[in-house]
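K.L.:
One file: work-v8.txt (compact mmCIF, C-alpha atoms).
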# COMPACT_ATOMS: atom_id res chain seq x y z
CA MET A 1 -31.56 50.93 -91.24
CA LYS A 2 -29.85 47.97 -92.93
CA LYS A 3 -28.76 50.17 -95.84
CA SER A 4 -27.23 52.71 -93.45
CA PHE A 5 -25.29 50.00 -91.61
CA LEU A 6 -23.98 48.61 -94.91
CA LEU A 7 -22.84 52.07 -96.05
CA ILE A 8 -21.00 52.67 -92.76
CA TYR A 9 -19.30 49.25 -93.03
CA VAL A 10 -18.09 49.93 -96.58
CA MET A 11 -16.76 53.36 -95.63
CA LEU A 12 -14.92 52.00 -92.62
CA SER A 13 -13.36 49.20 -94.63
CA TRP A 14 -11.88 51.79 -97.00
CA THR A 15 -10.55 54.07 -94.30
CA GLY A 16 -8.69 51.29 -92.57
CA ALA A 17 -10.86 51.15 -89.44
CA TYR A 18 -10.77 47.36 -89.71
CA SER A 19 -6.99 47.19 -90.00
CA GLN A 20 -6.51 45.33 -86.71
CA SER A 21 -5.78 41.69 -87.46
CA THR A 22 -4.89 38.53 -85.60
CA ASP A 23 -2.77 37.46 -88.58
CA PRO A 24 0.83 38.01 -87.35
CA GLN A 25 2.05 38.97 -90.83
CA ILE A 26 -0.67 41.60 -91.23
CA ALA A 27 0.02 42.91 -87.73
CA LEU A 28 3.74 43.18 -88.50
CA LEU A 29 3.13 44.85 -91.86
CA GLU A 30 0.72 47.42 -90.45
CA SER A 31 2.96 48.12 -87.48
CA PHE A 32 5.82 48.72 -89.91
CA LEU A 33 3.72 51.11 -92.01
CA LYS A 34 2.41 53.02 -88.98
CA ASN A 35 5.94 53.63 -87.73
CA ARG A 36 7.10 55.20 -90.98
CA SER A 37 6.85 58.98 -90.91
CA ASP A 38 7.13 59.05 -94.73
CA VAL A 39 4.18 56.68 -95.31
CA SER A 40 0.44 56.98 -94.79
CA PHE A 41 -1.97 54.22 -95.72
CA ASP A 42 -5.58 53.12 -95.98
CA THR A 43 -6.97 49.65 -96.29
CA ILE A 44 -8.61 48.75 -99.58
CA ALA A 45 -11.89 46.87 -99.39
CA HIS A 46 -11.51 43.10 -99.47
CA HIS A 47 -9.57 41.86 -102.48
CA PRO A 48 -10.28 38.21 -103.36
CA HIS A 49 -6.74 37.39 -104.45
CA PHE A 50 -4.87 38.67 -101.39
CA ALA A 51 -4.88 38.52 -97.59
CA LYS A 52 -4.92 42.34 -97.37
CA ALA A 53 -4.63 45.28 -99.73
CA TYR A 54 -3.56 48.88 -99.11
CA VAL A 55 -3.21 52.20 -100.85
CA LEU A 56 -0.12 54.03 -99.64
CA LYS A 57 1.09 57.60 -99.96
CA ILE A 58 4.88 57.65 -99.83
CA THR A 59 6.84 60.89 -99.51
CA GLN A 60 9.42 61.16 -102.27
CA PRO A 61 11.96 63.88 -103.12
CA VAL A 62 11.06 65.80 -106.26
CA ASP A 63 14.80 65.75 -106.96
CA HIS A 64 16.56 62.67 -105.58
CA ASN A 65 19.86 64.51 -105.92
CA ASN A 66 18.54 66.98 -103.33
CA PRO A 67 16.72 64.79 -100.77
CA ASP A 68 16.27 67.72 -98.38
CA GLY A 69 14.46 69.79 -100.99
CA ALA A 70 10.87 69.76 -102.22
CA THR A 71 8.83 66.57 -101.88
CA PHE A 72 5.66 65.03 -103.29
CA THR A 73 3.52 62.05 -102.32
CA GLN A 74 3.56 59.04 -104.60
CA ARG A 75 0.61 56.68 -104.69
CA VAL A 76 1.53 53.01 -104.26
CA PHE A 77 -0.76 49.99 -104.05
CA LEU A 78 0.36 47.07 -101.88
CA PHE A 79 -1.36 43.69 -102.20
CA HIS A 80 -0.15 41.29 -99.53
CA ARG A 81 -0.31 37.52 -99.80
CA ASP A 82 2.59 36.17 -97.76
CA PHE A 83 6.08 37.39 -96.88
CA SER A 84 7.53 34.13 -98.16
CA ARG A 85 6.09 34.56 -101.67
CA PRO A 86 7.71 36.45 -104.57
CA VAL A 87 6.92 40.11 -105.23
CA VAL A 88 5.64 41.36 -108.57
CA PHE A 89 6.67 45.01 -108.70
CA VAL A 90 4.57 46.85 -111.29
CA THR A 91 6.23 50.04 -112.53
CA GLU A 92 3.22 51.79 -114.00
CA GLY A 93 4.09 54.31 -116.72
CA TYR A 94 0.99 56.41 -116.11
CA GLY A 95 -1.60 56.73 -113.35
CA ALA A 96 -2.48 53.65 -111.30
CA GLY A 97 -6.02 54.18 -110.06
CA TYR A 98 -7.07 51.02 -111.91
CA ALA A 99 -5.09 48.90 -109.42
CA ILE A 100 -7.88 48.75 -106.83
CA TYR A 101 -10.04 46.54 -109.05
CA PRO A 102 -9.73 42.74 -108.69
CA ARG A 103 -9.53 42.26 -112.45
CA ALA A 104 -6.36 44.37 -112.46
CA ILE A 105 -4.27 41.63 -110.91
CA ASN A 106 -1.14 41.17 -113.02
CA GLU A 107 -0.85 37.83 -114.77
CA LEU A 108 2.63 37.36 -113.31
CA THR A 109 1.20 37.70 -109.81
CA GLU A 110 -1.10 34.78 -110.58
CA TYR A 111 1.65 32.68 -112.16
CA LEU A 112 3.98 33.25 -109.21
CA ASP A 113 1.25 33.14 -106.54
CA GLY A 114 2.90 36.33 -105.33
CA ASN A 115 2.47 39.66 -103.64
CA GLN A 116 1.91 42.70 -105.85
CA ILE A 117 3.13 46.28 -105.53
CA VAL A 118 1.94 48.84 -108.09
CA VAL A 119 3.71 52.21 -108.22
CA GLU A 120 2.06 55.18 -109.89
CA HIS A 121 4.51 57.07 -112.10
CA ARG A 122 5.60 60.50 -110.93
CA TYR A 123 3.67 63.43 -112.47
CA PHE A 124 0.64 61.19 -113.21
CA GLY A 125 -2.62 60.53 -111.36
CA GLU A 126 -2.32 61.58 -107.71
CA SER A 127 1.50 61.56 -107.73
CA VAL A 128 2.07 65.09 -108.99
CA PRO A 129 4.49 67.58 -107.40
CA ASN A 130 3.19 71.05 -106.65
CA PRO A 131 4.49 73.28 -108.13
CA LEU A 132 5.09 71.33 -111.32
CA ASP A 133 8.74 71.54 -112.37
CA TRP A 134 9.17 69.57 -115.59
CA GLN A 135 12.94 69.24 -115.36
CA TYR A 136 12.53 66.53 -112.71
CA LEU A 137 10.40 64.30 -114.91
CA ASP A 138 13.06 62.03 -116.34
CA ILE A 139 13.86 58.33 -116.36
CA GLU A 140 16.55 58.59 -113.68
CA GLN A 141 14.33 60.39 -111.17
CA ALA A 142 11.50 57.89 -111.78
CA ALA A 143 13.90 54.97 -111.34
CA ALA A 144 15.01 56.51 -108.03
CA ASP A 145 11.34 56.58 -106.92
CA HIS A 146 11.10 52.87 -107.62
CA HIS A 147 14.40 52.16 -105.91
CA ARG A 148 13.16 53.80 -102.69
CA VAL A 149 9.95 51.76 -102.74
CA VAL A 150 11.92 48.54 -103.20
CA GLU A 151 14.27 49.50 -100.36
CA LEU A 152 11.28 50.25 -98.15
CA PHE A 153 9.78 46.75 -98.45
CA LYS A 154 12.68 44.41 -99.14
CA GLY A 155 13.28 43.86 -95.45
CA LEU A 156 9.79 42.36 -95.15
CA TYR A 157 9.46 40.60 -98.50
CA ARG A 158 12.63 38.55 -98.75
CA ALA A 159 11.70 36.16 -101.54
CA ARG A 160 12.65 37.01 -105.11
CA TRP A 161 11.39 40.18 -106.78
CA LEU A 162 10.35 40.78 -110.39
CA ASN A 163 9.56 44.13 -111.99
CA THR A 164 7.19 44.46 -114.89
CA GLY A 165 5.06 46.87 -116.87
CA ILE A 166 2.97 47.20 -120.01
CA SER A 167 3.83 49.61 -122.84
CA LYS A 168 5.20 52.74 -121.15
CA GLY A 169 5.14 50.78 -117.90
CA GLY A 170 7.41 48.23 -119.56
CA GLN A 171 9.75 51.02 -120.61
CA THR A 172 9.73 52.22 -117.01
CA ALA A 173 10.67 48.73 -115.80
CA ILE A 174 13.65 48.77 -118.18
CA TYR A 175 14.85 52.13 -116.88
CA HIS A 176 14.45 51.02 -113.26
CA ARG A 177 16.57 47.97 -114.03
CA TYR A 178 19.14 50.05 -115.92
CA PHE A 179 19.76 52.42 -113.01
CA HIS A 180 19.27 49.84 -110.22
CA PRO A 181 20.06 46.42 -111.73
CA ASP A 182 20.12 44.60 -108.38
CA ASP A 183 16.76 45.85 -107.07
CA VAL A 184 14.94 42.88 -108.58
CA ASP A 185 15.87 39.37 -109.71
CA ALA A 186 14.08 39.41 -113.06
CA SER A 187 12.05 41.65 -115.38
CA VAL A 188 9.19 41.21 -117.84
CA GLY A 189 8.38 44.01 -120.25
CA TYR A 190 5.23 43.85 -122.36
CA VAL A 191 4.94 45.60 -125.75
CA CYS A 192 7.46 48.24 -124.68
CA PRO A 193 9.40 50.12 -127.38
CA LEU A 194 12.97 51.33 -127.21
CA ASN A 195 12.81 54.42 -129.41
CA PHE A 196 15.86 56.27 -130.66
CA SER A 197 14.27 59.55 -131.77
CA ILE A 198 11.04 61.52 -131.58
CA GLN A 199 10.30 60.16 -135.05
CA ASP A 200 11.63 56.61 -135.04
CA ALA A 201 11.91 55.71 -138.73
CA ARG A 202 11.75 51.96 -138.04
CA ILE A 203 8.00 52.36 -137.62
CA TYR A 204 7.68 53.71 -141.19
CA ASP A 205 9.34 50.59 -142.58
CA PHE A 206 7.21 48.38 -140.34
CA MET A 207 3.97 49.97 -141.55
CA GLN A 208 4.88 49.12 -145.16
CA LYS A 209 5.22 45.41 -144.36
CA VAL A 210 2.79 44.59 -141.52
CA GLY A 211 -0.05 42.17 -142.21
CA SER A 212 -1.14 41.36 -145.74
CA GLU A 213 -0.70 43.59 -148.76
CA SER A 214 -4.44 43.52 -149.41
CA CYS A 215 -5.20 44.73 -145.87
CA ARG A 216 -2.60 47.50 -146.06
CA ASN A 217 -4.09 48.61 -149.37
CA ARG A 218 -7.58 48.66 -147.90
CA ILE A 219 -6.37 50.85 -145.02
CA TYR A 220 -4.66 53.19 -147.50
CA GLN A 221 -7.80 53.42 -149.66
CA TYR A 222 -9.85 54.39 -146.61
CA GLN A 223 -7.33 57.09 -145.66
CA VAL A 224 -7.20 58.47 -149.21
CA GLU A 225 -10.99 58.59 -149.38
CA MET A 226 -11.16 60.52 -146.09
CA LEU A 227 -8.52 63.02 -147.27
CA LYS A 228 -9.57 63.36 -150.90
CA ASN A 229 -13.24 63.96 -150.08
CA LYS A 230 -12.66 66.09 -147.02
CA SER A 231 -15.61 68.32 -147.93
CA LEU A 232 -17.91 65.35 -147.28
CA TYR A 233 -16.38 64.07 -144.05
CA TYR A 234 -14.80 67.01 -142.27
CA PRO A 235 -18.13 68.71 -141.37
CA VAL A 236 -19.27 65.44 -139.73
CA TYR A 237 -15.97 65.21 -137.86
CA GLN A 238 -16.32 68.82 -136.75
CA LYS A 239 -19.89 68.34 -135.56
CA MET A 240 -18.99 65.16 -133.64
CA ALA A 241 -16.09 66.96 -131.95
CA GLU A 242 -18.37 69.84 -130.94
CA GLU A 243 -20.96 67.43 -129.53
CA LYS A 244 -18.26 65.74 -127.46
CA LYS A 245 -16.91 69.14 -126.40
CA TYR A 246 -13.40 68.54 -127.75
CA THR A 247 -11.20 71.53 -128.54
CA TYR A 248 -8.04 71.66 -130.67
CA LYS A 249 -6.13 74.80 -129.76
CA ARG A 250 -2.74 73.10 -130.10
CA THR A 251 -3.26 71.68 -133.57
CA GLY A 252 -6.28 73.39 -135.04
CA ILE A 253 -9.23 71.16 -135.81
CA GLU A 254 -8.48 70.84 -139.55
CA LYS A 255 -4.93 69.68 -138.91
CA SER A 256 -6.22 67.29 -136.24
CA TYR A 257 -8.57 65.84 -138.86
CA GLU A 258 -5.66 65.07 -141.17
CA MET A 259 -3.43 63.72 -138.40
CA THR A 260 -6.18 61.47 -137.03
CA ILE A 261 -6.56 59.95 -140.48
CA LEU A 262 -2.79 59.39 -140.59
CA GLU A 263 -3.00 57.85 -137.11
CA TYR A 264 -5.69 55.45 -138.34
CA ALA A 265 -3.22 52.92 -139.81
CA PHE A 266 -1.07 52.88 -136.66
CA ALA A 267 -4.10 52.47 -134.39
CA PHE A 268 -5.63 49.75 -136.58
CA TRP A 269 -2.58 47.52 -136.22
CA GLN A 270 -1.73 48.52 -132.66
CA TRP A 271 -5.04 47.51 -131.13
CA GLY A 272 -5.90 44.62 -133.45
CA ARG A 273 -9.62 44.83 -132.67
CA TRP A 274 -10.91 45.04 -136.23
CA THR A 275 -10.80 42.78 -139.25
CA CYS A 276 -9.64 44.07 -142.60
CA ASP A 277 -13.11 43.39 -143.98
CA SER A 278 -14.57 45.84 -141.43
CA ILE A 279 -12.78 48.79 -143.08
CA PRO A 280 -15.45 50.79 -144.98
CA VAL A 281 -14.06 50.43 -148.52
CA PRO A 282 -15.80 51.23 -150.79
CA ALA A 283 -16.96 54.36 -148.99
CA ARG A 284 -20.21 54.45 -147.08
CA SER A 285 -22.19 57.38 -145.72
CA PRO A 286 -20.19 60.30 -144.23
CA GLY A 287 -21.59 59.44 -140.79
CA GLU A 288 -20.43 55.83 -141.00
CA MET A 289 -17.00 56.82 -142.31
CA VAL A 290 -16.34 59.28 -139.48
CA LYS A 291 -17.82 56.94 -136.89
CA HIS A 292 -15.34 54.28 -138.02
CA LEU A 293 -12.48 56.78 -137.73
CA ASP A 294 -13.57 57.61 -134.21
CA MET A 295 -13.85 53.94 -133.29
CA VAL A 296 -10.31 53.08 -134.47
CA ALA A 297 -8.18 56.21 -134.08
CA GLY A 298 -10.45 58.35 -131.89
CA ILE A 299 -11.37 61.88 -132.89
CA ASP A 300 -10.16 62.92 -129.45
CA TRP A 301 -6.64 61.72 -130.41
CA LEU A 302 -5.25 65.24 -130.73
CA SER A 303 -7.83 67.14 -128.73
CA ASP A 304 -6.61 69.49 -126.00
CA GLN A 305 -8.41 67.31 -123.47
CA ARG A 306 -6.53 64.15 -124.38
CA ILE A 307 -3.14 65.85 -124.72
CA ASP A 308 -3.61 67.50 -121.32
CA ARG A 309 -4.43 64.13 -119.79
CA PHE A 310 -1.21 62.62 -121.14
CA LEU A 311 0.97 65.72 -121.02
CA PRO A 312 3.67 64.12 -118.81
CA PHE A 313 3.96 61.27 -121.33
CA TYR A 314 4.40 63.67 -124.23
CA TYR A 315 7.04 65.61 -122.30
CA GLN A 316 8.99 62.41 -121.71
CA ALA A 317 8.55 61.33 -125.33
CA MET A 318 9.85 64.63 -126.66
CA THR A 319 12.83 64.79 -124.30
CA GLU A 320 14.09 61.24 -123.63
CA ILE A 321 12.00 58.19 -124.46
CA GLY A 322 11.15 59.03 -128.09
CA PHE A 323 8.05 58.51 -130.18
CA TYR A 324 6.90 58.19 -133.79
CA GLY A 325 5.71 60.51 -136.51
CA TYR A 326 3.70 60.29 -139.73
CA ASP A 327 5.11 59.59 -143.17
CA VAL A 328 3.23 61.95 -145.49
CA ASP A 329 4.89 60.91 -148.77
CA PRO A 330 2.25 58.29 -149.71
CA PHE A 331 -0.47 60.97 -149.60
CA GLY A 332 1.17 63.70 -151.69
CA ASP A 333 -0.85 66.92 -151.80
CA LEU A 334 -3.81 65.31 -149.99
CA VAL A 335 -2.24 66.50 -146.72
CA SER A 336 -1.20 70.06 -145.96
CA ALA A 337 2.18 69.06 -144.45
CA SER A 338 5.12 68.95 -146.84
CA GLU A 339 7.39 67.13 -144.39
CA ASP A 340 6.90 64.14 -142.07
CA ILE A 341 4.89 65.16 -139.01
CA THR A 342 6.22 64.98 -135.45
CA PHE A 343 4.54 65.59 -132.10
CA THR A 344 6.68 68.50 -130.88
CA PHE A 345 3.50 70.58 -130.47
CA THR A 346 2.54 68.39 -127.48
CA CYS A 347 5.30 69.85 -125.30
CA PRO A 348 3.89 71.66 -122.23
CA GLU A 349 3.18 75.32 -122.85
CA GLY A 350 6.14 77.55 -122.05
CA VAL A 351 8.54 74.58 -121.75
CA GLU A 352 11.34 73.93 -124.21
CA CYS A 353 11.57 70.26 -125.09
CA GLU A 354 14.92 69.21 -126.50
CA TYR A 355 15.37 65.53 -127.29
CA ASP A 356 18.48 63.89 -125.88
CA PRO A 357 19.26 60.59 -127.68
CA LEU A 358 21.95 59.52 -125.19
CA PRO A 359 19.73 57.95 -122.47
CA MET A 360 18.09 55.47 -124.86
CA GLU A 361 21.44 54.65 -126.47
CA GLU A 362 22.87 53.87 -123.04
CA VAL A 363 19.84 51.77 -122.12
CA ASP A 364 20.23 49.87 -125.40
CA HIS A 365 23.88 49.16 -124.58
CA PHE A 366 22.85 47.89 -121.15
CA LEU A 367 20.24 45.56 -122.65
CA ARG A 368 22.66 44.17 -125.21
CA HIS A 369 25.62 43.64 -122.90
CA ASP A 370 24.91 43.86 -119.17
CA ALA A 371 21.25 43.05 -118.51
CA ARG A 372 20.33 39.71 -116.97
CA ARG A 373 17.10 37.77 -116.62
CA MET A 374 14.89 40.03 -118.71
CA LEU A 375 12.00 38.84 -120.89
CA PHE A 376 10.09 40.92 -123.43
CA ILE A 377 6.72 40.07 -125.01
CA TYR A 378 5.61 41.76 -128.25
CA GLY A 379 2.85 41.38 -130.82
CA GLU A 380 3.89 40.71 -134.40
CA TYR A 381 1.36 43.21 -135.81
CA ASP A 382 1.81 45.90 -133.14
CA PRO A 383 3.71 48.90 -134.59
CA TRP A 384 5.46 49.26 -131.23
CA SER A 385 7.25 46.03 -132.14
CA ALA A 386 9.27 47.93 -134.75
CA PRO A 387 11.43 49.54 -132.04
CA ALA A 388 11.42 46.39 -129.89
CA VAL A 389 14.35 45.51 -127.64
CA GLN A 390 16.99 43.77 -129.73
CA PRO A 391 19.05 41.33 -127.66
CA SER A 392 22.61 40.52 -128.64
CA GLY A 393 22.31 36.85 -127.74
CA LYS A 394 25.30 37.26 -125.43
CA ASN A 395 23.38 37.79 -122.18
CA ASP A 396 20.27 36.49 -120.48
CA VAL A 397 17.70 38.62 -122.36
CA ALA A 398 14.86 36.95 -124.30
CA VAL A 399 12.28 38.38 -126.72
CA ILE A 400 9.08 36.57 -127.73
CA PHE A 401 6.74 37.77 -130.49
CA LYS A 402 3.13 36.62 -130.48
CA PRO A 403 2.21 35.65 -134.06
CA GLN A 404 -0.20 38.26 -135.45
CA GLY A 405 -0.39 39.71 -131.94
CA ALA A 406 -1.35 43.29 -131.12
CA HIS A 407 -0.64 45.62 -128.19
CA SER A 408 -2.65 43.28 -125.95
CA SER A 409 -0.06 40.49 -126.29
CA ARG A 410 0.63 38.80 -122.96
CA ILE A 411 2.10 35.51 -121.77
CA GLY A 412 -1.40 34.23 -121.11
CA ASN A 413 -2.52 34.61 -124.74
CA LEU A 414 0.64 33.29 -126.39
CA PRO A 415 0.47 30.03 -128.34
CA GLU A 416 1.08 27.12 -125.98
CA ASP A 417 4.69 26.46 -127.02
CA LEU A 418 5.71 30.10 -126.59
CA GLN A 419 3.79 30.37 -123.31
CA GLU A 420 5.59 27.38 -121.89
CA LYS A 421 8.93 28.85 -123.01
CA ALA A 422 8.15 32.10 -121.19
CA LEU A 423 6.98 30.35 -118.02
CA GLU A 424 10.01 28.07 -118.01
CA LEU A 425 12.29 31.12 -118.04
CA LEU A 426 10.28 32.80 -115.27
CA GLY A 427 10.29 29.69 -113.12
CA LYS A 428 14.05 29.35 -113.46
CA TRP A 429 14.73 33.02 -112.74
CA MET A 430 12.30 33.25 -109.83
CA GLY A 431 13.17 29.87 -108.29
CA VAL A 432 9.60 28.57 -108.34
CA MET A 433 7.63 25.91 -110.17
CA ILE A 434 5.00 27.50 -112.42
CA GLU A 435 2.04 25.44 -113.53
CA GLY A 436 1.51 24.91 -117.24
CA ARG A 437 -1.71 25.79 -119.05
CA GLU A 438 -3.29 22.35 -118.53
CA GLU A 439 -2.41 22.20 -114.84
CA ARG A 440 -3.81 25.68 -114.24
CA GLY A 441 -7.02 24.76 -116.03
CA GLU A 442 -7.44 21.60 -113.99
CA ARG A 443 -6.76 23.41 -110.72
CA ARG A 444 -9.26 26.16 -111.53
CA ASN A 445 -11.88 23.57 -112.39
CA ARG A 446 -11.29 21.88 -109.04
CA GLU A 447 -11.54 25.23 -107.22
CA LYS A 448 -14.91 25.88 -108.86
If you convert what's in this file into structure tokens, what do you get?
P.N.:
Amino acid sequence: MKKSFLLIYVMLSWTGAYSQSTDPQIALLESFLKNRSDVSFDTIAHHPHFAKAYVLKITQPVDHNNPDGATFTQRVFLFHRDFSRPVVFVTEGYGAGYAIYPRAINELTEYLDGNQIVVEHRYFGESVPNPLDWQYLDIEQAAADHHRVVELFKGLYRARWLNTGISKGGQTAIYHRYFHPDDVDASVGYVCPLNFSIQDARIYDFMQKVGSESCRNRIYQYQVEMLKNKSLYYPVYQKMAEEKKYTYKRTGIEKSYEMTILEYAFAFWQWGRWTCDSIPVPARSPGEMVKHLDMVAGIDWLSDQRIDRFLPFYYQAMTEIGFYGYDVDPFGDLVSASEDITFTFTCPEGVECEYDPLPMEEVDHFLRHDARRMLFIYGEYDPWSAPAVQPSGKNDVAVIFKPQGAHSSRIGNLPEDLQEKALELLGKWMGVMIEGREERGERRNREK
């Protein structure tokens, strides 16, 4: 009986049955949401960092230039603390289902003691138009989605706003700011590249200099071993792929084997989870060698399943936001490709992807000359730092590199001097006092 009551309680808390509140702010917020014909919402089970949390479905035009045309529902997560506190507006570059978990609170939300709004990117997760028309997946349409969400809530949340995102989410924050510079007061982009082609050559140069020469050589020796003795390792790779039920219709499994080995160096530095000594050189058993490849680069890297999951990203990469390729010269005839490899094969079936360099060039001009109050955090060893934002020094745009940092570089794991620099900028831009590392530690100890 007790178990049944608990189950009913949990279900009701998710469906919003307990949405009535004596808190006047919550009552006002929920009244506002209920009176919007373009919004539906459910209450999320109690979130320890906020007074109330909601998952919203907001009706958006598929084409913002034709607001009376087709629509889709965009998933948005709203975490309310207080109308008087700042808003951290997270422009997710992918799906946003992760946002319901307490550990997903953005570090900026904690620093600013703020509210948090997370917007799922169009064409990802549950925010997918039906039918799927790829021509409306571009940076301007996505920025218009974000602009409408900001407009929806700015009348309630009147303190300062900041937009932010990680990796592709950081790129998305840049584009939102480019098209709607006055929507927010400041921006923080984490490890977000500004690519200028589908094969940004700056990454090739970066990969020849990153880390130590001995580590780069060890990575190269591992790659050469895997390519040179393919007859030993490929059957193990093939068997592992079959066991995991991966298919490779787009690339062919043999080509995917080669490309995953080429990806190995990029992934090793991007994620920063392995020491150079962990690279299996000299070679070990075929099983260990392929297991290591799977651990670092992932044998699913170019599987149909993974490409399908990230198909909207690849479409954007091949048409506007750019990407990287593989330099095959160091491997000579060990690889079947005679020219550097690109990812044009990831374009959706039946869709012609033609890269337009102009949008990123215009965004770059904006960042160098017109942008204000924007901060970017990168990791020194992350290959995505090669196409990092390059400020001109003439406007209020700052870039901080974490020494030896990877794609996980954040303000919270910067060295103390760089962290304080970042927080000082944020405090000035957002008009709040942000505690330093020591003060936060002392306060958390007291709260315990």
K.L.:
Residues near A:Gly412, anyone? I mean within 12 Å using all atoms listed in the file, not counting same-chain ones fewer than 3 positions away, as a short mmCIF file (atom, residue, chain, number, x, y, z; two decimals) with C-alpha atoms, in the coordinates of the input.
P.N.:
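Once written, part-v9.cif looks like this:
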data_model
loop_
_atom_site.label_atom_id
_atom_site.label_comp_id
_atom_site.auth_asym_id
_atom_site.auth_seq_id
_atom_site.Cartn_x
_atom_site.Cartn_y
_atom_site.Cartn_z
CA ASN A 106 -1.14 41.17 -113.02
CA GLU A 107 -0.85 37.83 -114.77
CA LEU A 108 2.63 37.36 -113.31
CA GLU A 110 -1.10 34.78 -110.58
CA TYR A 111 1.65 32.68 -112.16
CA TYR A 190 5.23 43.85 -122.36
CA ILE A 377 6.72 40.07 -125.01
CA LYS A 402 3.13 36.62 -130.48
CA SER A 408 -2.65 43.28 -125.95
CA SER A 409 -0.06 40.49 -126.29
CA PRO A 415 0.47 30.03 -128.34
CA GLU A 416 1.08 27.12 -125.98
CA ASP A 417 4.69 26.46 -127.02
CA LEU A 418 5.71 30.10 -126.59
CA GLN A 419 3.79 30.37 -123.31
CA GLU A 420 5.59 27.38 -121.89
CA LYS A 421 8.93 28.85 -123.01
CA ALA A 422 8.15 32.10 -121.19
CA LEU A 423 6.98 30.35 -118.02
CA GLY A 436 1.51 24.91 -117.24
CA ARG A 437 -1.71 25.79 -119.05
CA ARG A 440 -3.81 25.68 -114.24
#
K.L.:
Pick out the closest residue to A:Ala297 from this set: A:Ser187, A:Gln316, A:Asn229, A:Gln223. Count all atoms listed in the file.
P.N.:
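Checking each of A:Ser187, A:Gln316, A:Asn229, A:Gln223 against A:Ala297, counting all atoms listed in the file, the winner is A:Gln223.
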K.L.:
Kindly give the distance, in Å, that separates atom CA of A:Pro359 and atom CA of A:Gly165, rounded to a single decimal.
P.N.:
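Distance reported for this atom pair: 19.2 Å.
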K.L.:
Using all atoms listed in the file, list the residues that have an atom at most 9 Å from (6.7, 39.9, -100.6), coordinates as in the file, as a ChimeraX atom specification.
P.N.:
/A:80-88,114-117,153-154,156-161
K.L.:
For each of A:Glu361, A:Glu288, A:Pro282, A:Ala406, take the minimum atom-to-atom distance to A:Phe266, counting all atoms listed in the file, then give the residue where this is smallest.
P.N.:
A:Ala406
K.L.:
Since the input lacks atoms, please generate N, CA and C atoms for stretch 205-217 of chain A and provide them as a PDB file, in the coordinates of the input.
P.N.:
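Everything below was put into selection20.pdb:
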ATOM      1  N   ASP A 205       9.033  51.819-141.845  1.00  0.00           N
ATOM      2  CA  ASP A 205       9.340  50.590-142.580  1.00  0.00           C
ATOM      3  C   ASP A 205       8.387  49.474-142.162  1.00  0.00           C
ATOM      4  N   PHE A 206       8.115  49.394-140.869  1.00  0.00           N
ATOM      5  CA  PHE A 206       7.210  48.380-140.340  1.00  0.00           C
ATOM      6  C   PHE A 206       5.818  48.511-140.963  1.00  0.00           C
ATOM      7  N   MET A 207       5.319  49.743-141.057  1.00  0.00           N
ATOM      8  CA  MET A 207       3.970  49.970-141.550  1.00  0.00           C
ATOM      9  C   MET A 207       3.825  49.597-143.027  1.00  0.00           C
ATOM     10  N   GLN A 208       4.928  49.515-143.749  1.00  0.00           N
ATOM     11  CA  GLN A 208       4.880  49.120-145.160  1.00  0.00           C
ATOM     12  C   GLN A 208       4.889  47.613-145.341  1.00  0.00           C
ATOM     13  N   LYS A 209       5.085  46.867-144.243  1.00  0.00           N
ATOM     14  CA  LYS A 209       5.220  45.410-144.360  1.00  0.00           C
ATOM     15  C   LYS A 209       4.239  44.635-143.467  1.00  0.00           C
ATOM     16  N   VAL A 210       3.621  45.288-142.494  1.00  0.00           N
ATOM     17  CA  VAL A 210       2.790  44.590-141.520  1.00  0.00           C
ATOM     18  C   VAL A 210       1.552  43.973-142.180  1.00  0.00           C
ATOM     19  N   GLY A 211       1.160  42.801-141.711  1.00  0.00           N
ATOM     20  CA  GLY A 211      -0.050  42.170-142.210  1.00  0.00           C
ATOM     21  C   GLY A 211       0.048  41.779-143.671  1.00  0.00           C
ATOM     22  N   SER A 212      -1.097  41.718-144.316  1.00  0.00           N
ATOM     23  CA  SER A 212      -1.140  41.360-145.740  1.00  0.00           C
ATOM     24  C   SER A 212      -1.159  42.609-146.604  1.00  0.00           C
ATOM     25  N   GLU A 213      -0.700  42.454-147.835  1.00  0.00           N
ATOM     26  CA  GLU A 213      -0.700  43.590-148.760  1.00  0.00           C
ATOM     27  C   GLU A 213      -2.119  44.072-149.025  1.00  0.00           C
ATOM     28  N   SER A 214      -3.054  43.130-149.141  1.00  0.00           N
ATOM     29  CA  SER A 214      -4.440  43.520-149.410  1.00  0.00           C
ATOM     30  C   SER A 214      -5.029  44.331-148.265  1.00  0.00           C
ATOM     31  N   CYS A 215      -4.679  43.984-147.023  1.00  0.00           N
ATOM     32  CA  CYS A 215      -5.200  44.730-145.870  1.00  0.00           C
ATOM     33  C   CYS A 215      -4.572  46.119-145.811  1.00  0.00           C
ATOM     34  N   ARG A 216      -3.270  46.184-146.052  1.00  0.00           N
ATOM     35  CA  ARG A 216      -2.600  47.500-146.060  1.00  0.00           C
ATOM     36  C   ARG A 216      -3.203  48.393-147.138  1.00  0.00           C
ATOM     37  N   ASN A 217      -3.493  47.821-148.288  1.00  0.00           N
ATOM     38  CA  ASN A 217      -4.090  48.610-149.370  1.00  0.00           C
ATOM     39  C   ASN A 217      -5.484  49.096-148.997  1.00  0.00           C
TER      40      ASN A 217
END
